[in-house]
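Participant: Pasting entry_20.txt below, which is compact mmCIF, C-alpha atoms and all ligand atoms.
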# COMPACT_ATOMS: atom_id res chain seq x y z
CA MET A 21 -8.45 14.80 11.83
CA THR A 22 -6.32 12.30 9.94
CA ARG A 23 -8.18 9.60 8.04
CA LEU A 24 -7.78 6.18 9.66
CA LEU A 25 -5.76 3.77 7.58
CA ALA A 26 -7.29 0.30 7.26
CA TRP A 27 -7.07 -2.65 4.93
CA HIS A 28 -9.62 -2.70 2.08
CA ASP A 29 -10.73 -6.06 0.69
CA GLU A 30 -10.61 -4.72 -2.86
CA TRP A 31 -6.83 -4.54 -2.47
CA SER A 32 -6.76 -8.34 -2.31
CA LEU A 33 -4.86 -10.21 -5.05
CA ASN A 34 -6.53 -13.52 -4.16
CA ILE A 35 -3.13 -14.93 -3.28
CA GLU A 36 -3.39 -15.75 0.40
CA SER A 37 0.25 -15.38 1.39
CA LEU A 38 0.76 -12.08 -0.43
CA ASP A 39 -2.52 -10.65 0.83
CA ALA A 40 -1.51 -11.50 4.40
CA GLU A 41 1.84 -9.76 3.94
CA HIS A 42 0.30 -6.69 2.32
CA ARG A 43 -2.23 -6.51 5.13
CA GLY A 44 0.67 -6.76 7.60
CA LEU A 45 2.46 -3.83 5.96
CA ILE A 46 -0.70 -1.71 6.04
CA GLU A 47 -1.22 -2.61 9.71
CA LEU A 48 2.37 -1.68 10.56
CA LEU A 49 1.90 1.70 8.90
CA ALA A 50 -1.49 2.21 10.57
CA ASP A 51 0.15 1.51 13.92
CA ILE A 52 2.84 4.15 13.24
CA CYS A 53 0.14 6.67 12.21
CA HIS A 54 -1.76 5.87 15.39
CA ARG A 55 1.25 6.13 17.70
CA PHE A 56 2.99 9.11 16.12
CA GLY A 57 0.29 11.01 14.22
CA PRO A 58 -0.65 14.59 15.14
CA GLU A 59 -3.56 13.32 17.26
CA ALA A 60 -1.42 10.90 19.28
CA SER A 61 -0.98 11.73 22.91
CA PRO A 62 2.07 13.97 23.47
CA ARG A 63 3.52 11.27 25.67
CA ARG A 64 3.68 8.85 22.74
CA SER A 65 4.39 11.18 19.83
CA GLY A 66 7.32 13.56 20.06
CA ASP A 67 9.81 10.74 20.43
CA ALA A 68 12.01 11.15 17.34
CA SER A 69 14.13 8.04 17.85
CA ALA A 70 11.11 5.78 18.49
CA LEU A 71 9.45 7.10 15.32
CA ILE A 72 12.59 6.60 13.22
CA ASP A 73 12.97 3.07 14.66
CA ALA A 74 9.37 2.24 13.72
CA LEU A 75 9.84 3.64 10.21
CA THR A 76 13.09 1.68 9.83
CA ASP A 77 11.23 -1.51 10.86
CA LEU A 78 8.53 -0.78 8.27
CA GLY A 79 11.20 -0.45 5.57
CA GLU A 80 12.77 -3.75 6.65
CA ALA A 81 9.38 -5.49 6.61
CA ALA A 82 8.83 -4.20 3.06
CA ARG A 83 12.30 -5.36 2.00
CA GLU A 84 11.63 -8.87 3.34
CA HIS A 85 8.23 -8.92 1.69
CA PHE A 86 9.75 -7.95 -1.68
CA LYS A 87 12.29 -10.74 -1.30
CA ARG A 88 9.59 -13.36 -0.60
CA GLU A 89 7.56 -12.06 -3.52
CA GLU A 90 10.58 -12.43 -5.82
CA ASP A 91 11.11 -16.01 -4.57
CA MET A 92 7.50 -16.75 -5.44
CA MET A 93 7.87 -15.19 -8.91
CA HIS A 94 10.97 -17.27 -9.48
CA ALA A 95 9.18 -20.44 -8.36
CA VAL A 96 6.35 -20.00 -10.87
CA GLY A 97 8.60 -18.76 -13.69
CA TYR A 98 7.02 -15.28 -13.91
CA GLU A 99 8.29 -13.79 -17.16
CA ASP A 100 8.22 -10.13 -16.04
CA MET A 101 10.17 -10.87 -12.88
CA ALA A 102 13.21 -8.74 -13.85
CA GLU A 103 11.01 -5.69 -14.31
CA HIS A 104 9.20 -6.30 -11.01
CA ARG A 105 12.50 -6.79 -9.20
CA THR A 106 13.77 -3.47 -10.60
CA GLU A 107 10.65 -1.80 -9.25
CA HIS A 108 11.30 -3.30 -5.79
CA ALA A 109 14.87 -1.94 -5.89
CA LEU A 110 13.60 1.52 -6.88
CA LEU A 111 10.95 1.49 -4.14
CA MET A 112 13.54 0.56 -1.52
CA ALA A 113 15.96 3.25 -2.79
CA GLU A 114 13.13 5.79 -2.56
CA TYR A 115 12.29 4.68 0.99
CA THR A 116 15.93 4.71 2.13
CA ASP A 117 16.25 8.23 0.78
CA GLN A 118 13.09 9.33 2.59
CA LEU A 119 14.29 7.71 5.81
CA ARG A 120 17.60 9.58 5.53
CA HIS A 121 15.66 12.80 5.07
CA TRP A 122 13.41 12.07 8.10
CA ARG A 123 16.47 11.25 10.19
CA ALA A 124 18.25 14.46 9.18
CA GLU A 125 15.10 16.45 9.83
CA GLY A 126 14.62 14.73 13.20
CA ILE A 127 10.86 14.29 12.72
CA ASP A 128 8.98 13.44 15.89
CA VAL A 129 5.40 13.66 14.58
CA PHE A 130 4.21 11.61 11.62
CA ASP A 131 2.07 14.30 10.02
CA GLU A 132 -0.68 13.90 7.44
CA GLU A 133 1.61 14.54 4.48
CA ALA A 134 4.10 11.90 5.66
CA GLN A 135 1.24 9.45 6.32
CA ASN A 136 -0.19 9.98 2.83
CA ASN A 137 3.20 9.61 1.17
CA ALA A 138 3.91 6.36 3.02
CA ARG A 139 0.42 5.00 2.25
CA ASP A 140 0.81 5.83 -1.46
CA TRP A 141 4.25 4.26 -1.47
CA ILE A 142 2.80 0.92 -0.29
CA LEU A 143 -0.40 1.10 -2.35
CA ASP A 144 1.36 1.97 -5.61
CA HIS A 145 3.15 -1.34 -5.22
CA ILE A 146 0.12 -3.43 -4.18
CA LEU A 147 -2.24 -1.97 -6.76
CA GLY A 148 0.32 -1.61 -9.54
CA ALA A 149 3.01 -4.18 -10.27
CA ASP A 150 1.57 -6.77 -7.86
CA ARG A 151 -1.75 -6.84 -9.72
CA ASP A 152 0.11 -7.64 -12.92
CA PHE A 153 1.90 -10.47 -11.15
CA ALA A 154 -1.34 -11.76 -9.59
CA LYS A 155 -3.00 -11.90 -13.01
CA ALA A 156 -0.08 -13.89 -14.43
CA PHE A 157 0.06 -16.07 -11.30
CA HIS A 158 -3.60 -17.08 -11.61
CA GLU A 159 -3.14 -17.81 -15.32
CA ILE A 160 -0.07 -19.97 -14.63
CA GLU A 161 -1.74 -21.77 -11.71
CA GLY A 162 -4.89 -22.33 -13.78
CA HIS A 163 -2.88 -24.18 -16.40
CA LEU A 164 -0.76 -26.27 -14.09
CA PRO A 165 -2.82 -28.85 -12.20
CA ALA A 166 -1.42 -29.39 -8.74
CA PRO A 167 -0.30 -32.91 -7.82
CA GLY A 168 -3.35 -34.98 -6.93
CA HIS A 169 -5.55 -32.63 -8.93
CA PRO A 170 -8.68 -34.39 -10.39
CA HIS A 171 -7.29 -33.94 -13.94
CA ASP A 172 -4.21 -35.94 -12.97
CA VAL A 173 -6.30 -38.65 -11.36
CA ALA A 174 -8.54 -38.98 -14.43
CA GLU A 175 -5.56 -39.10 -16.76
CA GLN A 176 -3.83 -41.68 -14.56
CA SER A 177 -6.85 -44.01 -14.45
CA ARG A 178 -7.22 -43.72 -18.25
CA LEU A 179 -3.56 -44.78 -18.63
CA ASN A 180 -4.02 -47.61 -16.13
CA ALA A 181 -7.09 -48.85 -18.00
CA ALA A 182 -5.20 -48.71 -21.29
CA ARG A 183 -2.42 -50.80 -19.74
CA ARG A 184 -4.82 -53.39 -18.34
CA TYR A 185 -6.88 -53.73 -21.55
CA PRO A 186 -4.53 -53.29 -24.47
FE FE A 201 3.83 -6.99 -2.71
Can you turn what I pasted into structure tokens?
Ligand SMILES: [Fe+2]

Facilitator:
Amino acid sequence: MTRLLAWHDEWSLNIESLDAEHRGLIELLADICHRFGPEASPRRSGDASALIDALTDLGEAAREHFKREEDMMHAVGYEDMAEHRTEHALLMAEYTDQLRHWRAEGIDVFDEEAQNNARDWILDHILGADRDFAKAFHEIEGHLPAPGHPHDVAEQSRLNAARRYP
């Protein structure tokens, strides 16, 4: 019996948008495992083109996620962005290669080995490079008060008072 794939809260980076996207990727993969795993009903599994389509969609969702993540890194001036971007490119090259292999093989059941490989592929990214980014992100955010932040308000009223009572 294949282990059920589900989101674990300890995978959270405490960055709402990225967590939601990571959860979405895990859910997409879980859905593929459910529909095409060895225990799926023969009516649903055994359809090679539907499985390849679903795996292609998962790859595209990951590609879009990586792009949004890079936009976010750029926006906050993440200094290790080039390295992270290279990792995204390598992950996508690896996935494209795997997809080509699956297509050539004509797989119609997403077996346990394929499920584990795909899960590790996503988790290596979430628990590896993304954790490094999350750490830097929280440090950057912690040092940059958002507009309207109490620190800004306090500083502004101090300046206003200084102007009124020179
Ligand atoms: Fe990510």

Participant: Taking only C-alpha atoms and all ligand atoms into account, which residues are within 12 Å of ligand FE 201 (chain A), as a CSV table (one decimal) with C-alpha atoms, in the coordinates of the input?

Facilitator:
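Writing the result to out19.csv gives the following:
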chain,number,residue,atom,x,y,z
A,31,TRP,CA,-6.8,-4.5,-2.5
A,32,SER,CA,-6.8,-8.3,-2.3
A,33,LEU,CA,-4.9,-10.2,-5.0
A,35,ILE,CA,-3.1,-14.9,-3.3
A,36,GLU,CA,-3.4,-15.8,0.4
A,37,SER,CA,0.2,-15.4,1.4
A,38,LEU,CA,0.8,-12.1,-0.4
A,39,ASP,CA,-2.5,-10.6,0.8
A,40,ALA,CA,-1.5,-11.5,4.4
A,41,GLU,CA,1.8,-9.8,3.9
A,42,HIS,CA,0.3,-6.7,2.3
A,43,ARG,CA,-2.2,-6.5,5.1
A,44,GLY,CA,0.7,-6.8,7.6
A,45,LEU,CA,2.5,-3.8,6.0
A,46,ILE,CA,-0.7,-1.7,6.0
A,81,ALA,CA,9.4,-5.5,6.6
A,82,ALA,CA,8.8,-4.2,3.1
A,83,ARG,CA,12.3,-5.4,2.0
A,84,GLU,CA,11.6,-8.9,3.3
A,85,HIS,CA,8.2,-8.9,1.7
A,86,PHE,CA,9.8,-8.0,-1.7
A,87,LYS,CA,12.3,-10.7,-1.3
A,88,ARG,CA,9.6,-13.4,-0.6
A,89,GLU,CA,7.6,-12.1,-3.5
A,90,GLU,CA,10.6,-12.4,-5.8
A,91,ASP,CA,11.1,-16.0,-4.6
A,92,MET,CA,7.5,-16.8,-5.4
A,93,MET,CA,7.9,-15.2,-8.9
A,104,HIS,CA,9.2,-6.3,-11.0
A,105,ARG,CA,12.5,-6.8,-9.2
A,107,GLU,CA,10.6,-1.8,-9.2
A,108,HIS,CA,11.3,-3.3,-5.8
A,111,LEU,CA,11.0,1.5,-4.1
A,141,TRP,CA,4.2,4.3,-1.5
A,142,ILE,CA,2.8,0.9,-0.3
A,143,LEU,CA,-0.4,1.1,-2.4
A,144,ASP,CA,1.4,2.0,-5.6
A,145,HIS,CA,3.2,-1.3,-5.2
A,146,ILE,CA,0.1,-3.4,-4.2
A,147,LEU,CA,-2.2,-2.0,-6.8
A,148,GLY,CA,0.3,-1.6,-9.5
A,149,ALA,CA,3.0,-4.2,-10.3
A,150,ASP,CA,1.6,-6.8,-7.9
A,151,ARG,CA,-1.8,-6.8,-9.7
A,152,ASP,CA,0.1,-7.6,-12.9
A,153,PHE,CA,1.9,-10.5,-11.2
A,154,ALA,CA,-1.3,-11.8,-9.6

Participant: Which distance in Å separates CA of His28 in chain A and CA of Leu71 in chain A, to one decimal?

Facilitator: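 Taking CA of His28 in chain A as the start and CA of Leu71 in chain A as the end point, the length is 25.2 Å.
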
Participant: For Asp73 in chain A, which residue out of A:Gly57, A:Arg123, A:Tyr115, A:Leu25 is the nearest one, using all atoms listed in the file?

Facilitator: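 Answer, going by the shortest atom-to-atom distance: A:Arg123.
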
Participant: Restricting the calculation to only C-alpha atoms: of A:Gly79, A:Ile160, A:His54, A:Asn34, which residue gets closest to Asp117 in chain A?

Facilitator: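 Looking only at the distances to Asp117 in chain A, the closest residue turns out to be A:Gly79.
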
Participant: So what do you get for CA of Glu80 in chain A versus CA of Asp140 in chain A, distance-wise?

Facilitator: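 We find that CA of Glu80 in chain A and CA of Asp140 in chain A lie 17.3 Å from each other.
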
Participant: How many Å lie between CA of Asp100 in chain A and CA of Lys155 in chain A, rounded to one decimal?

Facilitator: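 Result for CA of Asp100 in chain A versus CA of Lys155 in chain A: 11.8 Å, one decimal.
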
Participant: Name the closest residue to Asp77 in chain A among the candidates A:Met101, A:Val129, A:Leu49, A:Ala109; distances are taken between atoms, counting only C-alpha atoms.

Facilitator: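 Of all the options, A:Leu49 lies closest to Asp77 in chain A.
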
Participant: So, counting only C-alpha atoms, which residue among A:Ser69, A:His158, A:Ala50, A:Arg55 is closest to Ala124 in chain A?

Facilitator: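 Going through A:Ser69, A:His158, A:Ala50, A:Arg55 one by one, the smallest distance to Ala124 in chain A is for A:Ser69.
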
Participant: Box along x, y and z, 8 Å on every side, all listed atoms of range 76-95 of chain A inside: centre and edge lengths in Å to one decimal, as AutoDock Vina command-line options.

Facilitator:
--center_x 10.3 --center_y -9.4 --center_z 0.7 --size_x 21.6 --size_y 38.1 --size_z 36.3

Participant: Which one of A:Tyr98, A:Asp51, A:Asp29, A:Thr76 sits closest to Glu159 in chain A if you count all atoms listed in the file?

Facilitator: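 With all atoms listed in the file as the atom set, the closest residue is A:Tyr98.
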
Participant: For Ala156 in chain A, which residue among A:Arg139, A:Glu99, A:Glu125, A:Gln118 is the nearest when counting only C-alpha atoms?

Facilitator: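 Closest to Ala156 in chain A, using only C-alpha atoms: A:Glu99.
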
Participant: Could you add whatever atoms are missing so that range 118-139 of chain A carries N, CA, C and O atoms, then write the result as a CSV table (one decimal), in the coordinates of the input?

Facilitator:
chain,number,residue,atom,x,y,z
A,118,GLN,N,14.1,8.6,1.8
A,118,GLN,CA,13.1,9.3,2.6
A,118,GLN,C,13.5,9.2,4.1
A,118,GLN,O,13.4,10.1,4.8
A,119,LEU,N,13.9,8.0,4.4
A,119,LEU,CA,14.3,7.7,5.8
A,119,LEU,C,15.5,8.6,6.2
A,119,LEU,O,15.5,9.2,7.3
A,120,ARG,N,16.4,8.7,5.3
A,120,ARG,CA,17.6,9.6,5.5
A,120,ARG,C,17.1,11.0,5.8
A,120,ARG,O,17.6,11.7,6.7
A,121,HIS,N,16.2,11.5,5.0
A,121,HIS,CA,15.7,12.8,5.1
A,121,HIS,C,15.0,13.0,6.4
A,121,HIS,O,15.2,14.0,7.1
A,122,TRP,N,14.1,12.0,6.8
A,122,TRP,CA,13.4,12.1,8.1
A,122,TRP,C,14.4,12.1,9.3
A,122,TRP,O,14.2,12.8,10.2
A,123,ARG,N,15.5,11.3,9.1
A,123,ARG,CA,16.5,11.2,10.2
A,123,ARG,C,17.2,12.6,10.3
A,123,ARG,O,17.3,13.1,11.4
A,124,ALA,N,17.6,13.2,9.2
A,124,ALA,CA,18.2,14.5,9.2
A,124,ALA,C,17.3,15.6,9.7
A,124,ALA,O,17.8,16.4,10.5
A,125,GLU,N,16.1,15.5,9.4
A,125,GLU,CA,15.1,16.4,9.8
A,125,GLU,C,14.8,16.3,11.3
A,125,GLU,O,14.4,17.2,12.0
A,126,GLY,N,14.9,15.0,11.8
A,126,GLY,CA,14.6,14.7,13.2
A,126,GLY,C,13.1,14.8,13.5
A,126,GLY,O,12.7,15.3,14.5
A,127,ILE,N,12.3,14.2,12.5
A,127,ILE,CA,10.9,14.3,12.7
A,127,ILE,C,10.4,13.5,14.0
A,127,ILE,O,11.0,12.5,14.3
A,128,ASP,N,9.5,14.1,14.7
A,128,ASP,CA,9.0,13.4,15.9
A,128,ASP,C,7.5,13.3,15.9
A,128,ASP,O,6.9,12.7,16.8
A,129,VAL,N,6.8,13.9,14.8
A,129,VAL,CA,5.4,13.7,14.6
A,129,VAL,C,5.2,13.2,13.1
A,129,VAL,O,5.8,13.8,12.2
A,130,PHE,N,4.5,12.1,13.0
A,130,PHE,CA,4.2,11.6,11.6
A,130,PHE,C,3.0,12.3,11.1
A,130,PHE,O,1.8,11.9,11.3
A,131,ASP,N,3.2,13.4,10.4
A,131,ASP,CA,2.1,14.3,10.0
A,131,ASP,C,1.3,13.7,8.8
A,131,ASP,O,1.7,12.7,8.2
A,132,GLU,N,0.2,14.4,8.5
A,132,GLU,CA,-0.7,13.9,7.4
A,132,GLU,C,0.0,13.7,6.1
A,132,GLU,O,-0.2,12.7,5.4
A,133,GLU,N,0.9,14.6,5.8
A,133,GLU,CA,1.6,14.5,4.5
A,133,GLU,C,2.5,13.3,4.5
A,133,GLU,O,2.5,12.5,3.5
A,134,ALA,N,3.2,13.1,5.6
A,134,ALA,CA,4.1,11.9,5.7
A,134,ALA,C,3.3,10.6,5.6
A,134,ALA,O,3.6,9.6,5.0
A,135,GLN,N,2.1,10.6,6.3
A,135,GLN,CA,1.2,9.4,6.3
A,135,GLN,C,0.8,9.1,4.9
A,135,GLN,O,0.8,8.0,4.5
A,136,ASN,N,0.3,10.2,4.2
A,136,ASN,CA,-0.2,10.0,2.8
A,136,ASN,C,0.9,9.5,1.9
A,136,ASN,O,0.7,8.6,1.1
A,137,ASN,N,2.1,10.0,2.0
A,137,ASN,CA,3.2,9.6,1.2
A,137,ASN,C,3.5,8.1,1.4
A,137,ASN,O,3.7,7.4,0.5
A,138,ALA,N,3.6,7.7,2.7
A,138,ALA,CA,3.9,6.4,3.0
A,138,ALA,C,2.8,5.4,2.5
A,138,ALA,O,3.1,4.3,2.0
A,139,ARG,N,1.5,5.8,2.7
A,139,ARG,CA,0.4,5.0,2.2
A,139,ARG,C,0.5,4.8,0.7
A,139,ARG,O,0.4,3.7,0.2
